[in-house]
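Novice: Before anything else, here's the structure in question.
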Amino acid sequence: MVDPSFSSLQPQDYGLLTDLYQFTMAACYVGEGLENQPAAFELFVRRLPSDYGYLIAMGLAQAVEYLQQLHFPPQTLQALQETGIFAEAPPRFWELLASYRFEGDVWAVPEGTAVFANEPLLRVEAPLWQAQLVETYLLTTFNYQTLIATKAARMRDAAGDEAVLLEFGTRRAFGPQAGLWAARAALAGGFNATSNVLAALKLGRKPAGTMAHSLVMAIATLSGDETRAFQAFRRYFPQAVLLIDTYDPIQGARTAAQLFAATPPDQLGSRGEIGGVRIDSGDLEALSHQVKAILPQGAPVFVSGDLDEYEIERLHRSQAPISGYGVGTRLVTGEGVNGVYKLVEINGIPVAKASFAKATLPGRKQIFRGPTGDLLGQADETPPPGYEPLLRQIMHRGVLLEPLPDLETIARTSRASVLRLPKGVRQLRQPDPWPMALTAALQRVKDHTLGQESA
């Protein structure tokens with residue numbers, strides 16, 4: 001029998017929402033007396049996705065909420081014990097889990113910050129077993145939301161600042177929880193609104209949407225007239241955007257134009273909006289010109305239908321008369337952000353992974369951003385003249401130091417971060433690399449650490 005609560009996720013579930021080896025490693029640390037060794041782990045991306053010149057860091061708010069609420073209630077410990085996997089685990093392992101509260105420090109770049117390969121988005125400094133245990137959840141929130149925020153930022157760059165961008169991706173997201181995260185990340189990355197009602201209301205936003213072909217087909221079939229479908233919908237939603245391509249988009253535009261022209265003044269919006277239309281298929285560039293010529297002045301044309309940043313850029317450059325874009329599948333899916341979470345220091349000793357194609361940089365690090373490139377240095381280095389440190393301390397001994405920015409602030413940070421980059425780095429295909437070098441101090445640590453490991 002399927003547990004009816006399987007699809008829900010509550011804070012009491014956080015403890016088990018991880019990979020098994022986080023527990024087995026923690027038990028091993030405890031058995032060997034290493035659990036409280038001070039450790040530092042950093043979360044970063046080894047390489048950018050294809051044709052991406054940058055990433056927009058996202059997911060910190062959910063990471064902090066997780067760290068603050070992570071605990072192991074008795075039923076969780078019982079479920080773990082009943083697996084039989086931990087029969088030889090030391091008793092202290094269970095004692096530590098039962099009293100778990102995150103006690104570490106967290107450093108992170110602000111959400112909305114542009115980052116690049118091998119630059120830490122996040123650093124956790126905590127007792128070894130605690131820092132290890134949180135890896136899986138941190139990676140899932142940062143990897144997915146960073147992907148969506150980056151795609152949203154690229155689409156905003158492609159569409160320009162005046163176009164309306166609507167997130168329609170919940171039905172294509174990788175599950176209901178992902179739909180919420182995708183909506184948040186899209187708004188933080190530059191979108192205007194989401195159709196996800198729960199996400200919008202939780203985020204203090206008004207949800208946005210139009211109608212589906214099914215409404216037009218249902219009412220038109222029963223009444224014999226598409227006009228009746230439009231009239232019915234506008235009767236209850238007088239400023240609605242009408243979907244006009246269920247049958248013939250040109251005829252749909254004519255019908256919509258007649259309804260818009262007949263709209264009583266008291267049904268107009270506060271700014272005199274008369275509604276608009278959405279086209280979901282066909283040659284969007286050509287149809288937008290034809291439809292725009294039919295509609296009354298000021299009636300906007302929106303388009304949707306498997307759009308991505310490349311198609312949005314093409315339509316924008318063609319000067320198609322499009323006021324906004326609804327984006328779903330190609331916003332909330334795609335090539336993943338392959339973020340990793342690696343040990344970089346243990347008991348004050350820098351460590352690095354030296355395996356081929358997966359080598360890491362040792363020690364706790366800081367990103368120094370300059371006007372034309374980044375320097376990656378040691379965490380305690382003084383910024384070189386003209387460079388700004390990006391990683392900031394967010395939590396100390398498990399306590400949030402100050403409230404995190406709201407969504408509007410994050411969205412402004414995202415756009416400003418992108419606009420600071422050269423156009424070559426922002427271009428959608430074959431972007432120029434953003435220069436990044438190691439400081440002399442970090443280079444010495446790297447050489448010393450890898451030299452010792454290869455000796």
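Naming works like this for the structure tokens: A, B, ... for the chains as they're shown, residue 1 at the start of each chain, ligands 1 onward in shown order.
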Any idea what's packed within 9 Å of Leu407 (chain A), counting only C-alpha atoms, ignoring anything in its chain fewer than 2 positions away? Could you give it as an mmCIF file with all heavy atoms, in the first residue's frame?
Specialist:
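Printed below is result-v2.cif as written:
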data_model
loop_
_atom_site.group_PDB
_atom_site.id
_atom_site.type_symbol
_atom_site.label_atom_id
_atom_site.label_comp_id
_atom_site.auth_asym_id
_atom_site.auth_seq_id
_atom_site.Cartn_x
_atom_site.Cartn_y
_atom_site.Cartn_z
ATOM 1 N N ARG A 184 9.659 30.193 -8.272
ATOM 2 C CA ARG A 184 10.444 31.164 -7.491
ATOM 3 C C ARG A 184 11.713 31.578 -8.241
ATOM 4 O O ARG A 184 12.036 32.763 -8.345
ATOM 5 C CB ARG A 184 10.827 30.557 -6.136
ATOM 6 C CG ARG A 184 11.725 31.478 -5.319
ATOM 7 C CD ARG A 184 12.235 30.819 -4.049
ATOM 8 N NE ARG A 184 13.004 31.797 -3.275
ATOM 9 C CZ ARG A 184 14.301 31.987 -3.389
ATOM 10 N NH1 ARG A 184 15.004 31.274 -4.261
ATOM 11 N NH2 ARG A 184 14.917 32.901 -2.646
ATOM 12 N N LEU A 187 10.992 33.905 -11.227
ATOM 13 C CA LEU A 187 10.710 35.279 -10.805
ATOM 14 C C LEU A 187 11.993 35.968 -10.343
ATOM 15 O O LEU A 187 12.228 37.144 -10.650
ATOM 16 C CB LEU A 187 9.679 35.274 -9.686
ATOM 17 C CG LEU A 187 8.273 34.789 -10.066
ATOM 18 C CD1 LEU A 187 7.401 34.665 -8.819
ATOM 19 C CD2 LEU A 187 7.631 35.727 -11.065
ATOM 20 N N ALA A 188 12.822 35.258 -9.612
ATOM 21 C CA ALA A 188 14.068 35.838 -9.128
ATOM 22 C C ALA A 188 15.050 36.092 -10.262
ATOM 23 O O ALA A 188 15.910 36.977 -10.157
ATOM 24 C CB ALA A 188 14.704 34.908 -8.091
ATOM 25 N N LEU A 203 4.646 33.581 -2.435
ATOM 26 C CA LEU A 203 5.678 34.584 -2.696
ATOM 27 C C LEU A 203 5.128 36.008 -2.681
ATOM 28 O O LEU A 203 5.851 36.954 -2.987
ATOM 29 C CB LEU A 203 6.351 34.296 -4.038
ATOM 30 C CG LEU A 203 7.145 32.990 -4.110
ATOM 31 C CD1 LEU A 203 7.516 32.660 -5.551
ATOM 32 C CD2 LEU A 203 8.401 33.055 -3.246
ATOM 33 N N PRO A 405 17.424 38.727 1.530
ATOM 34 C CA PRO A 405 16.699 39.679 0.673
ATOM 35 C C PRO A 405 15.370 39.111 0.181
ATOM 36 O O PRO A 405 15.199 37.898 0.049
ATOM 37 C CB PRO A 405 17.670 39.900 -0.499
ATOM 38 C CG PRO A 405 19.002 39.469 -0.002
ATOM 39 C CD PRO A 405 18.751 38.391 0.992
ATOM 40 N N THR A 409 14.291 42.220 -4.514
ATOM 41 C CA THR A 409 15.711 42.570 -4.408
ATOM 42 C C THR A 409 16.570 41.566 -5.155
ATOM 43 O O THR A 409 17.521 41.939 -5.851
ATOM 44 C CB THR A 409 16.129 42.637 -2.928
ATOM 45 O OG1 THR A 409 15.335 43.614 -2.260
ATOM 46 C CG2 THR A 409 17.594 43.005 -2.791
ATOM 47 N N ILE A 410 16.239 40.286 -5.012
ATOM 48 C CA ILE A 410 17.007 39.252 -5.711
ATOM 49 C C ILE A 410 16.882 39.428 -7.222
ATOM 50 O O ILE A 410 17.868 39.299 -7.965
ATOM 51 C CB ILE A 410 16.540 37.850 -5.281
ATOM 52 C CG1 ILE A 410 16.803 37.638 -3.792
ATOM 53 C CG2 ILE A 410 17.255 36.777 -6.096
ATOM 54 C CD1 ILE A 410 16.151 36.386 -3.237
ATOM 55 N N ALA A 411 15.666 39.735 -7.697
ATOM 56 C CA ALA A 411 15.467 39.941 -9.139
ATOM 57 C C ALA A 411 16.293 41.117 -9.645
ATOM 58 O O ALA A 411 16.882 41.062 -10.743
ATOM 59 C CB ALA A 411 13.992 40.151 -9.437
ATOM 60 N N ARG A 412 16.354 42.196 -8.863
ATOM 61 C CA ARG A 412 17.185 43.335 -9.271
ATOM 62 C C ARG A 412 18.663 42.957 -9.283
ATOM 63 O O ARG A 412 19.420 43.364 -10.180
ATOM 64 C CB ARG A 412 16.946 44.515 -8.331
ATOM 65 C CG ARG A 412 15.584 45.175 -8.505
ATOM 66 C CD ARG A 412 15.538 46.537 -7.814
ATOM 67 N NE ARG A 412 15.695 46.427 -6.360
ATOM 68 C CZ ARG A 412 14.684 46.278 -5.515
ATOM 69 N NH1 ARG A 412 13.443 46.203 -5.967
ATOM 70 N NH2 ARG A 412 14.903 46.205 -4.213
#
Novice: Tell me, which residues of region 79-222 of chain A carry DSSP strand (DSSP E), written as a list of chain:residue names?
Specialist: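 Residues meeting the strand (DSSP E) criterion: A:Asp105, A:Val106, A:Trp107, A:Ala108, A:Ala114, A:Val115, A:Leu122, A:Arg123, A:Val124, A:Glu125, A:Ala126, A:Pro127, A:Val164, A:Leu165, A:Leu166, A:Glu167, A:Ala193, A:Thr194.
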Novice: Save out the residues we just selected, C-alpha atoms, as a tab-separated table (two decimals), in the first residue's frame.
Specialist:
chain	number	residue	atom	x	y	z
A	105	ASP	CA	28.77	28.68	9.72
A	106	VAL	CA	27.56	29.33	6.17
A	107	TRP	CA	29.12	31.64	3.61
A	108	ALA	CA	27.39	32.25	0.28
A	114	ALA	CA	26.49	35.79	-11.60
A	115	VAL	CA	29.02	33.03	-10.94
A	122	LEU	CA	28.27	28.28	-0.86
A	123	ARG	CA	30.66	27.17	1.88
A	124	VAL	CA	29.65	25.22	4.98
A	125	GLU	CA	32.03	25.25	7.95
A	126	ALA	CA	30.84	22.82	10.63
A	127	PRO	CA	31.75	19.67	12.55
A	164	VAL	CA	6.43	40.56	-20.11
A	165	LEU	CA	7.74	37.10	-19.24
A	166	LEU	CA	5.29	34.60	-17.76
A	167	GLU	CA	6.33	31.29	-16.19
A	193	ALA	CA	4.73	36.42	-13.01
A	194	THR	CA	3.94	32.72	-12.69
Novice: I'd like the contact shell of region 24-30 of chain A - 7 Å cut-off, only C-alpha atoms, skipping same-chain residues fewer than 5 positions apart - returned as a tab-separated table (two decimals) with C-alpha atoms, in the first residue's frame.
Specialist:
chain	number	residue	atom	x	y	z
A	35	GLU	CA	32.83	13.55	13.94
A	89	ALA	CA	26.96	1.70	14.01
A	93	PHE	CA	25.75	7.95	16.23
A	129	TRP	CA	29.60	14.84	10.39
A	133	LEU	CA	25.10	15.16	6.23
Novice: Identify which of the residues A:Leu34, A:Ala153, A:Glu135, A:Glu335 lies closest to Arg426 (chain A), counting only C-alpha atoms when measuring atom-to-atom distances.
Specialist: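 Using only C-alpha atoms, the shortest distance to Arg426 (chain A) belongs to A:Ala153.
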Novice: Just the residues within 12 Å of Pro38 (chain A), please, counting only C-alpha atoms, with nothing from its chain fewer than 6 positions along; format it as a list of chain:residue names.
Specialist: A:Glu103, A:Gly104, A:Asp105, A:Val124, A:Glu125, A:Ala126, A:Pro127, A:Leu128, A:Trp129, A:Gln130, A:Ala131, A:Gln132, A:Leu343, A:Val344, A:Glu345, A:Ile346, A:Asn347, A:Gly348, A:Ile349, A:Pro350
Novice: Hey, what's within 6 Å of region 318-322 of chain A if we count only C-alpha atoms and toss same-chain stuff fewer than 3 positions away? As number ranges by chain, please?
Specialist: A: 285, 301-302, 315
Novice: Go through A:Leu16, A:Leu48, A:Leu442, A:Ala256 and flag the residue nearest Gln430 (chain A), using only C-alpha atoms for the distances.
Specialist: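 Once distances to Gln430 (chain A) are computed over only C-alpha atoms, the minimum belongs to A:Leu48.
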Novice: Restricting the calculation to only C-alpha atoms: of A:Arg154, A:Gly282, A:Thr246, A:Leu259, which residue gets closest to Gly53 (chain A)?
Specialist: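 With only C-alpha atoms as the atom set, the closest residue is A:Arg154.
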Novice: Please determine, counting only C-alpha atoms, which residue among A:Asn196, A:Thr439, A:Asn338, A:Ser288 has the shortest atom-to-atom distance to Thr146 (chain A).
Specialist: A:Asn338
Novice: Assign secondary structure with DSSP using the backbone only, and return the residues of region 161-312 of chain A in helix (DSSP H, G or I) as JSON, numbers by chain.
Specialist: {"A": [170, 171, 172, 176, 177, 178, 179, 180, 181, 182, 183, 184, 185, 186, 187, 188, 189, 197, 198, 199, 200, 201, 202, 213, 214, 215, 216, 217, 218, 219, 220, 221, 222, 223, 226, 227, 228, 229, 230, 231, 232, 233, 234, 235, 236, 249, 250, 251, 252, 253, 254, 255, 256, 257, 258, 259, 260, 261, 265, 266, 267, 284, 285, 286, 287, 288, 289, 290, 291, 292, 293, 294, 309, 310, 311, 312]}
Novice: For Gln231 (chain A), find every residue with an atom within 10 Å (counting only C-alpha atoms), except residues of its own chain fewer than 3 positions away, and show them as a short mmCIF file (atom, residue, chain, number, x, y, z; two decimals) with C-alpha atoms, in the first residue's frame.
Specialist:
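Generated output (result12.cif):
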data_model
loop_
_atom_site.label_atom_id
_atom_site.label_comp_id
_atom_site.auth_asym_id
_atom_site.auth_seq_id
_atom_site.Cartn_x
_atom_site.Cartn_y
_atom_site.Cartn_z
CA GLU A 226 -16.06 30.46 -30.94
CA THR A 227 -17.38 33.96 -30.27
CA ARG A 228 -19.56 32.58 -27.49
CA ARG A 234 -14.78 37.90 -20.69
CA ARG A 235 -18.10 38.00 -18.87
CA TYR A 236 -16.30 36.84 -15.73
CA PHE A 237 -12.79 38.09 -16.54
CA PRO A 238 -13.28 41.28 -18.57
CA LEU A 242 -7.89 35.42 -25.11
CA THR A 255 -13.51 38.19 -33.00
CA ALA A 256 -11.32 39.40 -30.16
CA LEU A 259 -15.11 42.25 -28.25
#
Novice: Using CA of Ile56 (chain A) and CA of Thr150 (chain A) as the two end points, give the distance in Å to one decimal.
Specialist: 4.9 Å
Novice: Taking 3 positions as the minimum chain separation for residues in the same chain, which residues sit within 10 Å of Trp94 (chain A) when counting only C-alpha atoms? Answer as an mmCIF file with N, CA, C and O atoms, in the first residue's frame.
Specialist:
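Wrote part_36.cif, looks like this:
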data_model
loop_
_atom_site.group_PDB
_atom_site.id
_atom_site.type_symbol
_atom_site.label_atom_id
_atom_site.label_comp_id
_atom_site.auth_asym_id
_atom_site.auth_seq_id
_atom_site.Cartn_x
_atom_site.Cartn_y
_atom_site.Cartn_z
ATOM 1 N N ALA A 27 28.221 7.836 10.320
ATOM 2 C CA ALA A 27 28.417 6.789 11.320
ATOM 3 C C ALA A 27 29.881 6.385 11.405
ATOM 4 O O ALA A 27 30.418 6.127 12.496
ATOM 5 N N VAL A 30 31.835 8.987 13.316
ATOM 6 C CA VAL A 30 31.589 8.856 14.751
ATOM 7 C C VAL A 30 32.384 7.684 15.314
ATOM 8 O O VAL A 30 33.034 7.794 16.371
ATOM 9 N N PHE A 72 15.907 15.147 13.603
ATOM 10 C CA PHE A 72 15.625 13.726 13.447
ATOM 11 C C PHE A 72 14.680 13.277 14.562
ATOM 12 O O PHE A 72 15.120 12.883 15.647
ATOM 13 N N LEU A 77 14.457 8.094 13.413
ATOM 14 C CA LEU A 77 15.530 7.224 13.905
ATOM 15 C C LEU A 77 15.087 5.762 13.910
ATOM 16 O O LEU A 77 15.862 4.862 13.558
ATOM 17 N N GLN A 78 13.838 5.518 14.294
ATOM 18 C CA GLN A 78 13.334 4.151 14.297
ATOM 19 C C GLN A 78 13.329 3.567 12.886
ATOM 20 O O GLN A 78 13.712 2.401 12.682
ATOM 21 N N LEU A 80 15.252 4.378 10.410
ATOM 22 C CA LEU A 80 16.637 4.075 10.033
ATOM 23 C C LEU A 80 17.120 2.790 10.685
ATOM 24 O O LEU A 80 17.758 1.946 10.042
ATOM 25 N N GLN A 81 16.828 2.630 11.954
ATOM 26 C CA GLN A 81 17.293 1.443 12.674
ATOM 27 C C GLN A 81 16.667 0.178 12.119
ATOM 28 O O GLN A 81 17.330 -0.871 12.028
ATOM 29 N N PHE A 86 22.408 -0.251 9.818
ATOM 30 C CA PHE A 86 23.272 0.390 10.808
ATOM 31 C C PHE A 86 23.448 -0.462 12.067
ATOM 32 O O PHE A 86 23.682 0.062 13.156
ATOM 33 N N ALA A 89 26.631 0.289 13.759
ATOM 34 C CA ALA A 89 26.959 1.700 14.014
ATOM 35 C C ALA A 89 27.105 1.934 15.512
ATOM 36 O O ALA A 89 26.392 1.320 16.319
ATOM 37 N N PRO A 90 28.005 2.815 15.917
ATOM 38 C CA PRO A 90 28.209 3.072 17.339
ATOM 39 C C PRO A 90 26.986 3.738 17.964
ATOM 40 O O PRO A 90 26.302 4.537 17.300
ATOM 41 N N PRO A 91 26.701 3.462 19.230
ATOM 42 C CA PRO A 91 25.540 4.082 19.901
ATOM 43 C C PRO A 91 25.572 5.607 19.857
ATOM 44 O O PRO A 91 24.514 6.245 19.773
ATOM 45 N N LEU A 97 22.313 12.034 16.286
ATOM 46 C CA LEU A 97 21.162 12.299 15.421
ATOM 47 C C LEU A 97 19.970 12.790 16.244
ATOM 48 O O LEU A 97 19.262 13.719 15.844
ATOM 49 N N ALA A 98 19.744 12.175 17.378
ATOM 50 C CA ALA A 98 18.586 12.530 18.200
ATOM 51 C C ALA A 98 18.646 13.981 18.683
ATOM 52 O O ALA A 98 17.598 14.627 18.864
ATOM 53 N N SER A 99 19.847 14.494 18.886
ATOM 54 C CA SER A 99 19.994 15.865 19.395
ATOM 55 C C SER A 99 20.442 16.842 18.313
ATOM 56 O O SER A 99 20.846 17.965 18.610
ATOM 57 N N TYR A 100 20.331 16.430 17.052
ATOM 58 C CA TYR A 100 20.904 17.233 15.957
ATOM 59 C C TYR A 100 20.269 18.607 15.845
ATOM 60 O O TYR A 100 19.048 18.758 15.794
#
Novice: Could you check how far CA of Ala352 (chain A) sits from CA of Tyr21 (chain A), in Å to one decimal?
Specialist: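 If I compute the distance from CA of Ala352 (chain A) to CA of Tyr21 (chain A), I get 20.1 Å.
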Novice: Between CA of Asp13 (chain A) and CA of Gln37 (chain A), what is the distance, to one decimal in Å?
Specialist: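 Pair CA of Asp13 (chain A) / CA of Gln37 (chain A) returns 26.8 Å.
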Novice: Each residue of region 156-223 of chain A with at least one atom at most 9 Å from region 415-419 of chain A should appear once, together with its nearest atom pair and the corresponding distance in Å (one decimal); atoms considered: only C-alpha atoms; ordering: chain, then increasing residue number; output as a Markdown table.
Specialist:
| residue | atom | partner | partner_atom | distance |
| --- | --- | --- | --- | --- |
| A:Arg156 | CA | A:Arg415 | CA | 8.3 |
| A:Asp157 | CA | A:Val418 | CA | 8.1 |
| A:Gly189 | CA | A:Arg415 | CA | 7.3 |
| A:Gly190 | CA | A:Arg415 | CA | 6.8 |
Novice: Calculated over only C-alpha atoms, which of the candidates A:Lys206, A:Arg420, A:Arg369, A:His396 has the smallest distance to Val109 (chain A)?
Specialist: A:Arg369
